[in-house]
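Printed here is query_1.txt (compact mmCIF, C-alpha atoms):
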```txt
# COMPACT_ATOMS: atom_id res chain seq x y z
CA MET N 1 -14.88 12.45 -27.73
CA SER N 2 -12.05 10.25 -26.60
CA SER N 3 -8.61 11.62 -25.97
CA THR N 4 -7.38 9.19 -28.64
CA SER N 5 -8.72 11.50 -31.25
CA GLU N 6 -7.82 14.60 -29.21
CA HIS N 7 -4.16 13.65 -29.24
CA GLY N 8 -4.35 12.18 -32.69
CA SER N 9 -2.45 9.14 -31.52
CA ALA N 10 -3.40 5.69 -30.28
CA SER N 11 -0.35 5.50 -28.05
CA ALA N 12 -0.69 5.07 -24.30
CA ALA N 13 1.71 7.90 -23.53
CA GLY N 14 -0.07 10.26 -25.90
CA MET N 15 -3.37 9.62 -24.14
CA THR N 16 -2.21 10.53 -20.70
CA GLY N 17 -0.15 13.52 -21.71
CA HIS N 18 3.23 11.98 -20.86
CA ASP N 19 6.10 12.35 -23.32
CA ALA N 20 9.26 10.24 -23.40
CA ALA N 21 11.36 12.76 -21.45
CA ASP N 22 8.61 12.95 -18.86
CA ILE N 23 8.67 9.17 -18.37
CA ASP N 24 12.50 9.14 -18.14
CA ARG N 25 12.24 11.74 -15.37
CA HIS N 26 9.58 9.62 -13.62
CA VAL N 27 11.80 6.54 -13.78
CA ARG N 28 14.76 8.42 -12.25
CA ILE N 29 12.47 9.54 -9.41
CA TYR N 30 11.23 5.95 -8.87
CA ILE N 31 14.80 4.71 -8.45
CA THR N 32 15.66 7.52 -6.03
CA VAL N 33 12.51 6.83 -3.98
CA PHE N 34 13.37 3.09 -3.97
CA VAL N 35 16.80 3.80 -2.47
CA ALA N 36 15.28 6.22 0.06
CA LEU N 37 12.73 3.59 1.13
CA LEU N 38 15.45 0.95 1.58
CA VAL N 39 17.57 3.32 3.67
CA LEU N 40 14.56 4.31 5.83
CA THR N 41 13.67 0.62 6.36
CA MET N 42 17.19 0.03 7.68
CA VAL N 43 16.87 3.12 9.89
CA THR N 44 13.60 1.83 11.43
CA VAL N 45 15.11 -1.58 12.16
CA ALA N 46 18.36 -0.07 13.50
CA VAL N 47 16.46 2.29 15.82
CA SER N 48 14.45 -0.64 17.21
CA TYR N 49 17.70 -2.20 18.46
CA LEU N 50 18.47 0.92 20.52
CA HIS N 51 15.69 -0.07 22.97
CA LEU N 52 14.39 3.46 23.38
CA SER N 53 11.58 4.20 25.83
CA VAL N 54 8.17 3.20 24.43
CA PRO N 55 6.86 6.75 23.74
CA LEU N 56 10.09 7.73 21.97
CA ALA N 57 10.25 4.45 20.02
CA VAL N 58 6.63 4.87 18.90
CA THR N 59 7.29 8.47 17.82
CA VAL N 60 10.41 7.60 15.82
CA ALA N 61 8.88 4.48 14.22
CA LEU N 62 5.69 6.28 13.19
CA LEU N 63 7.64 9.30 11.95
CA VAL N 64 9.84 7.13 9.70
CA ALA N 65 6.79 5.12 8.55
CA THR N 66 4.96 8.36 7.71
CA VAL N 67 7.90 9.60 5.64
CA LYS N 68 8.07 6.23 3.83
CA GLY N 69 4.31 6.16 3.30
CA SER N 70 4.35 9.72 1.96
CA LEU N 71 7.10 8.81 -0.52
CA VAL N 72 5.04 5.86 -1.79
CA ALA N 73 1.84 7.93 -1.99
CA CYS N 74 3.44 11.01 -3.57
CA TYR N 75 5.66 9.34 -6.16
CA PHE N 76 4.52 5.74 -6.82
CA MET N 77 0.83 6.70 -6.54
CA HIS N 78 1.47 10.04 -8.27
CA LEU N 79 -0.31 12.03 -5.57
CA ILE N 80 2.24 14.81 -5.94
CA SER N 81 0.44 15.87 -9.14
CA GLU N 82 -3.14 14.67 -8.84
CA LYS N 83 -6.49 16.31 -9.52
CA LYS N 84 -8.38 18.30 -6.88
CA LEU N 85 -11.20 15.78 -6.56
CA ILE N 86 -8.76 13.05 -5.44
CA TYR N 87 -7.31 15.41 -2.81
CA ALA N 88 -10.87 16.19 -1.63
CA VAL N 89 -11.69 12.47 -1.30
CA LEU N 90 -8.43 11.83 0.55
CA GLY N 91 -8.89 14.87 2.79
CA LEU N 92 -12.25 13.52 3.91
CA THR N 93 -10.73 10.06 4.37
CA ALA N 94 -7.85 11.45 6.42
CA PHE N 95 -10.31 13.27 8.69
CA PHE N 96 -12.40 10.18 9.40
CA PHE N 97 -9.26 8.05 9.75
CA ALA N 98 -8.06 10.47 12.44
CA VAL N 99 -11.48 10.18 14.16
CA LEU N 100 -11.17 6.38 14.08
CA LEU N 101 -7.74 6.46 15.68
CA ALA N 102 -8.96 8.98 18.25
CA LEU N 103 -11.81 6.69 19.31
CA PRO N 104 -9.68 4.53 21.65
CA VAL N 105 -8.39 7.73 23.27
CA LEU N 106 -11.98 8.93 23.78
CA THR N 107 -12.90 5.56 25.27
CA HIS N 108 -10.02 5.97 27.67
CA THR N 109 -11.10 9.44 28.83
CA ASP N 110 -14.72 8.30 28.94
CA GLY N 111 -13.90 6.05 31.88
CA PHE N 112 -12.13 8.95 33.54
CA TYR N 113 -15.23 11.14 33.34
CA ILE N 114 -17.54 8.38 34.54
CA HIS N 115 -15.41 7.82 37.59
CA HIS N 116 -14.78 11.46 38.41
CA GLN N 117 -18.18 13.05 37.90
CA MET V 1 -22.71 -1.56 -23.37
CA GLU V 2 -19.45 0.30 -23.44
CA ILE V 3 -18.01 1.55 -20.15
CA PRO V 4 -17.86 5.36 -20.35
CA TYR V 5 -14.82 7.54 -19.58
CA THR V 6 -12.22 4.79 -19.46
CA VAL V 7 -9.71 6.95 -21.29
CA GLU V 8 -11.26 10.32 -21.92
CA ILE V 9 -11.53 12.75 -19.04
CA ARG V 10 -14.90 13.53 -17.51
CA ARG V 11 -15.43 17.26 -17.53
CA ASP V 12 -16.97 17.43 -14.04
CA THR V 13 -14.43 15.28 -12.18
CA GLY V 14 -11.37 16.10 -14.30
CA LEU V 15 -10.54 12.37 -14.21
CA ASN V 16 -11.33 9.14 -16.01
CA ASN V 17 -13.83 6.96 -14.16
CA GLY V 18 -11.35 4.20 -13.35
CA LYS V 19 -9.09 6.63 -11.46
CA ILE V 20 -11.84 8.08 -9.28
CA GLY V 21 -13.25 4.57 -8.76
CA ILE V 22 -10.03 3.08 -7.48
CA TRP V 23 -9.38 6.07 -5.17
CA LEU V 24 -12.87 5.80 -3.66
CA PHE V 25 -12.23 2.10 -3.11
CA LEU V 26 -8.87 2.87 -1.48
CA ALA V 27 -10.61 5.42 0.77
CA SER V 28 -12.88 2.62 2.01
CA GLU V 29 -9.81 0.44 2.50
CA VAL V 30 -8.20 3.14 4.66
CA MET V 31 -11.26 2.99 6.91
CA LEU V 32 -11.15 -0.83 7.03
CA PHE V 33 -7.51 -0.92 8.12
CA GLY V 34 -8.10 2.20 10.25
CA ALA V 35 -10.72 0.35 12.29
CA LEU V 36 -8.25 -2.48 12.92
CA PHE V 37 -5.45 -0.06 13.82
CA ALA V 38 -7.86 1.61 16.26
CA SER V 39 -8.60 -1.84 17.72
CA TYR V 40 -4.86 -2.42 18.07
CA ILE V 41 -4.46 0.88 19.98
CA LEU V 42 -7.43 0.03 22.21
CA LEU V 43 -6.11 -3.47 22.98
CA ARG V 44 -2.59 -2.24 23.60
CA THR V 45 -3.46 0.76 25.78
CA GLY V 46 -5.96 -1.33 27.74
CA ALA V 47 -3.54 -4.18 28.45
CA PRO V 48 -1.58 -4.26 31.71
CA HIS V 49 1.35 -5.78 29.78
CA TRP V 50 2.01 -5.75 26.03
CA PRO V 51 4.97 -7.65 24.58
CA ARG V 52 7.49 -6.04 22.25
CA GLY V 53 6.85 -7.50 18.80
CA ALA V 54 10.51 -8.49 18.41
CA GLU V 55 10.23 -10.79 21.45
CA HIS V 56 7.73 -13.04 19.65
CA LEU V 57 7.97 -12.26 15.94
CA ASN V 58 10.71 -12.75 13.37
CA VAL V 59 12.11 -9.27 12.63
CA PRO V 60 14.71 -10.34 9.99
CA LEU V 61 12.01 -12.14 7.95
CA ALA V 62 9.65 -9.17 8.23
CA THR V 63 12.47 -6.82 7.19
CA LEU V 64 13.09 -9.05 4.17
CA ASN V 65 9.37 -8.90 3.35
CA THR V 66 9.41 -5.11 3.66
CA VAL V 67 12.22 -4.93 1.10
CA VAL V 68 10.39 -7.44 -1.14
CA LEU V 69 7.19 -5.40 -1.09
CA ILE V 70 9.00 -2.10 -1.70
CA ALA V 71 10.84 -3.70 -4.64
CA SER V 72 7.51 -4.96 -6.00
CA SER V 73 6.13 -1.42 -5.89
CA VAL V 74 9.10 -0.27 -7.97
CA THR V 75 8.60 -3.05 -10.55
CA MET V 76 4.90 -2.12 -10.65
CA VAL V 77 5.57 1.54 -11.54
CA MET V 78 8.23 0.36 -14.01
CA ALA V 79 5.59 -1.86 -15.65
CA TRP V 80 3.35 1.18 -16.11
CA ALA V 81 6.27 3.32 -17.31
CA SER V 82 7.13 0.59 -19.85
CA LEU V 83 3.63 0.89 -21.34
CA MET V 84 4.11 4.65 -21.52
CA ARG V 85 7.28 3.94 -23.53
CA HIS V 86 5.34 1.48 -25.76
CA ARG V 87 7.55 -1.42 -24.65
CA PHE V 88 5.10 -4.23 -24.12
CA GLY V 89 7.79 -6.89 -23.63
CA THR V 90 9.39 -4.84 -20.85
CA PHE V 91 5.96 -4.30 -19.30
CA ARG V 92 5.44 -8.05 -19.11
CA MET V 93 8.85 -8.55 -17.55
CA TYR V 94 8.21 -5.96 -14.82
CA MET V 95 4.62 -7.09 -14.25
CA GLY V 96 5.85 -10.69 -14.00
CA ALA V 97 8.47 -9.58 -11.47
CA THR V 98 5.77 -7.77 -9.45
CA ILE V 99 3.65 -10.93 -9.30
CA LEU V 100 6.68 -13.06 -8.36
CA LEU V 101 7.69 -10.65 -5.59
CA GLY V 102 4.12 -10.80 -4.26
CA GLY V 103 4.53 -14.59 -4.27
CA VAL V 104 7.83 -14.32 -2.37
CA PHE V 105 6.08 -12.16 0.24
CA LEU V 106 3.37 -14.80 0.74
CA VAL V 107 5.88 -17.66 0.93
CA VAL V 108 7.91 -15.82 3.59
CA LYS V 109 4.69 -15.14 5.48
CA TYR V 110 3.78 -18.82 5.21
CA PHE V 111 7.04 -19.76 6.94
CA GLU V 112 6.42 -17.13 9.61
CA TYR V 113 2.89 -18.38 10.27
CA SER V 114 4.02 -22.04 10.28
CA ALA V 115 6.67 -21.30 12.92
CA LYS V 116 4.03 -19.64 15.10
CA PHE V 117 1.57 -22.53 14.69
CA GLU V 118 4.30 -25.05 15.52
CA HIS V 119 4.83 -23.25 18.82
CA HIS V 120 1.06 -23.24 19.38
CA LEU V 121 0.92 -19.49 19.03
CA LEU V 122 -2.55 -18.92 17.60
CA PRO V 123 -5.03 -16.03 17.31
CA SER V 124 -6.68 -17.47 20.41
CA THR V 125 -3.41 -17.40 22.40
CA ASN V 126 -3.71 -13.75 23.48
CA ASN V 127 -4.75 -10.30 22.24
CA PHE V 128 -1.29 -9.63 20.79
CA PHE V 129 -1.48 -12.67 18.49
CA ALA V 130 -5.18 -12.08 17.80
CA ILE V 131 -4.53 -8.61 16.37
CA TYR V 132 -1.25 -9.76 14.73
CA PHE V 133 -2.99 -12.56 12.80
CA THR V 134 -6.02 -10.39 11.97
CA LEU V 135 -3.97 -7.48 10.58
CA THR V 136 -1.37 -9.55 8.73
CA GLY V 137 -4.01 -12.04 7.53
CA LEU V 138 -6.15 -9.29 6.03
CA HIS V 139 -3.03 -7.77 4.50
CA MET V 140 -2.07 -11.12 2.98
CA LEU V 141 -5.53 -11.39 1.42
CA HIS V 142 -4.88 -8.00 -0.18
CA VAL V 143 -1.52 -9.19 -1.51
CA ALA V 144 -3.22 -12.28 -3.01
CA GLY V 145 -6.01 -10.13 -4.50
CA GLY V 146 -3.52 -7.70 -6.03
CA MET V 147 -1.52 -10.61 -7.46
CA ALA V 148 -4.67 -12.04 -9.08
CA VAL V 149 -5.51 -8.72 -10.76
CA ASN V 150 -1.90 -8.21 -11.86
CA ALA V 151 -1.78 -11.77 -13.22
CA TYR V 152 -4.90 -11.01 -15.26
CA PHE V 153 -3.22 -7.93 -16.78
CA TRP V 154 -0.02 -9.91 -17.38
CA GLY V 155 -1.98 -12.66 -19.13
CA PRO V 156 -5.44 -12.61 -20.75
CA GLY V 157 -6.22 -8.98 -19.87
CA SER V 158 -3.21 -7.75 -21.85
CA LYS V 159 -5.07 -8.37 -25.13
CA LEU V 160 -6.55 -4.92 -24.60
CA TRP V 161 -3.12 -3.44 -25.36
CA LYS V 162 -3.62 -4.28 -29.05
CA THR V 163 -7.05 -2.69 -29.37
CA ASN V 164 -6.98 0.16 -26.84
CA PRO V 165 -3.49 0.80 -25.42
CA ALA V 166 -4.50 3.91 -23.49
CA TRP V 167 -7.27 2.09 -21.65
CA PHE V 168 -4.91 -0.81 -20.89
CA ALA V 169 -2.27 1.60 -19.53
CA ASN V 170 -4.93 3.21 -17.32
CA ARG V 171 -6.06 -0.18 -16.01
CA VAL V 172 -2.46 -1.09 -15.16
CA GLU V 173 -2.01 2.29 -13.46
CA HIS V 174 -5.13 1.68 -11.35
CA SER V 175 -4.17 -1.84 -10.34
CA GLY V 176 -0.78 -0.30 -9.48
CA LEU V 177 -2.51 2.19 -7.17
CA PHE V 178 -4.02 -0.76 -5.29
CA TRP V 179 -0.65 -2.53 -5.16
CA HIS V 180 1.13 0.56 -3.77
CA PHE V 181 -1.62 0.89 -1.17
CA VAL V 182 -0.92 -2.68 -0.05
CA ASP V 183 2.77 -1.72 0.22
CA LEU V 184 1.84 1.41 2.16
CA VAL V 185 -0.24 -0.56 4.68
CA TRP V 186 2.72 -2.92 5.26
CA ILE V 187 5.02 0.08 5.82
CA PHE V 188 2.86 0.90 8.87
CA LEU V 189 2.16 -2.69 9.92
CA PHE V 190 5.84 -3.62 10.05
CA PRO V 191 6.99 -1.19 12.79
CA THR V 192 3.65 -1.33 14.62
CA LEU V 193 3.57 -5.12 15.02
CA TYR V 194 7.22 -6.14 14.84
CA LEU V 195 9.30 -3.32 16.26
CA LEU V 196 7.30 -1.59 18.98
```

File written out as structure tokens:
Amino acid sequence: MSSTSEHGSASAAGMTGHDAADIDRHVRIYITVFVALLVLTMVTVAVSYLHLSVPLAVTVALLVATVKGSLVACYFMHLISEKKLIYAVLGLTAFFFAVLLALPVLTHTDGFYIHHQ
Amino acid sequence: MEIPYTVEIRRDTGLNNGKIGIWLFLASEVMLFGALFASYILLRTGAPHWPRGAEHLNVPLATLNTVVLIASSVTMVMAWASLMRHRFGTFRMYMGATILLGGVFLVVKYFEYSAKFEHHLLPSTNNFFAIYFTLTGLHMLHVAGGMAVNAYFWGPGSKLWKTNPAWFANRVEHSGLFWHFVDLVWIFLFPTLYLL
């Protein structure tokens, strides 16, 4: 049975369980997130002109990028209220993504062990 | 044959098939870009000297492109929200704006690439430019792909709105998920390549 008949309406909003007030609230959030993303972009660029040491610059830049990315994922991609299966898929992805990024580090230490054993 | 679970929710997944499909695809995309980010880390940590991106790349243009892509993400969600409000005309306006902003991004990138080529800075120049062109080139392909899908939903694909509005809204939501992912990748590419 399709949710068209479940909701008794052929409307798009009716199908996905969003009412008008819900959408208005969503739109307000989108605008707020937009402003936050613009401000954070300016922060990233401004910080880059401070010529911080490389480790500090990397930390700050990645921290700001993570906050921005989380805002996009949570609100534009609606991950803040998603089903468990999506979280499970993304959890697995995050794990293997972390392994991928750790590979260069392992390669680095690999040389260390070869030369010191 | 009719595609199953385009609108109705599958009992076992709790989702429609399009939603789970696009997220699985995005998971594979994370690994694709992840492999290239790992390559970047390997190249950078293994190099005796690595230039600051700002020394060779155009930060103001990239900042402009960041703003353009963020704005396009907003117009994309507004396009979906317009369908939720049953305003098809507004949907087309926002979807059109999303496609145009994608176009602006590519045009800006074209000028950036041209300036590099004019100075004979090519992927073969050094590892910095090799990974810069690989990452931004792949990202540009994603922008172009997203624009093509969005253009389909703006144009011929929008006929579905008349016969099955809920399915059409879901399709727009899923193409939006891809578009936001492209934005998200750029959010990390921008500081990594240009600012550090």

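Using only C-alpha atoms, the shortest contact distance between chain N and any of V:Pro48, V:Gly102, V:Gly157, V:Pro191 is found at V:Pro191.
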
Next item on the list: Find the spatial neighbours of range 75-79 of chain N, counting all atoms listed in the file, within a cut-off of 10 Å - ignore same-chain residues fewer than 3 positions away - and output them as a PyMOL selection string.
Entry: (chain N and resi 26+29-30+33-34+70-72+82-83+86-87) or (chain V and resi 73-74+76-78+173-174+176-181)

Notebook entry, point to check: What is the CA of Leu63 in chain N to CA of Leu106 in chain V distance in Å?
Noted result: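 If I compute the distance from CA of Leu63 in chain N to CA of Leu106 in chain V, I get 26.9 Å.
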
May I have the residues within 10 Å of Trp50 in chain V as a tab-separated table (two decimals) with C-alpha atoms, in the coordinates of the input, using all atoms listed in the file and disregarding those fewer than 5 positions away in the same chain?
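Now in selection.tsv:
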```tsv
chain	number	residue	atom	x	y	z
V	43	LEU	CA	-6.11	-3.47	22.98
V	44	ARG	CA	-2.59	-2.24	23.60
V	45	THR	CA	-3.46	0.76	25.78
V	127	ASN	CA	-4.75	-10.30	22.24
V	128	PHE	CA	-1.29	-9.63	20.79
V	196	LEU	CA	7.30	-1.59	18.98
```

Next item on the list: Within 9 Å of range 91-106 of chain N, counting all atoms listed in the file, which residues show up once you throw out same-chain ones fewer than 5 positions away? Write them as a ChimeraX atom specification, please.
Entry: /N:86,111 /V:27-28,30-31,34-35,37-39,41-43,45

Note to self: So, with only C-alpha atoms as the atoms that count, which of V:Leu101, V:Ala115, V:Val143, V:Leu160 lies closest to chain N?
What the structure shows: V:Leu160

Margin query: Measuring between only C-alpha atoms, which one of V:Phe33, V:Phe91, V:Tyr194, V:Phe188 shows the shortest distance to chain N?
Written below: V:Phe188

Item checked: Distance query Phe105 in chain V at most 10 Å, all atoms listed in the file, self and fewer than 4 positions along chain excluded, as a ChimeraX atom specification -> /V:61-62,64-69,72,99-101,109-110,140,143-144

Notebook entry, point to check: CA of Val108 in chain V and CA of Met42 in chain N, how far apart in Å?
Noted result: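 These two atoms are separated by 18.8 Å.
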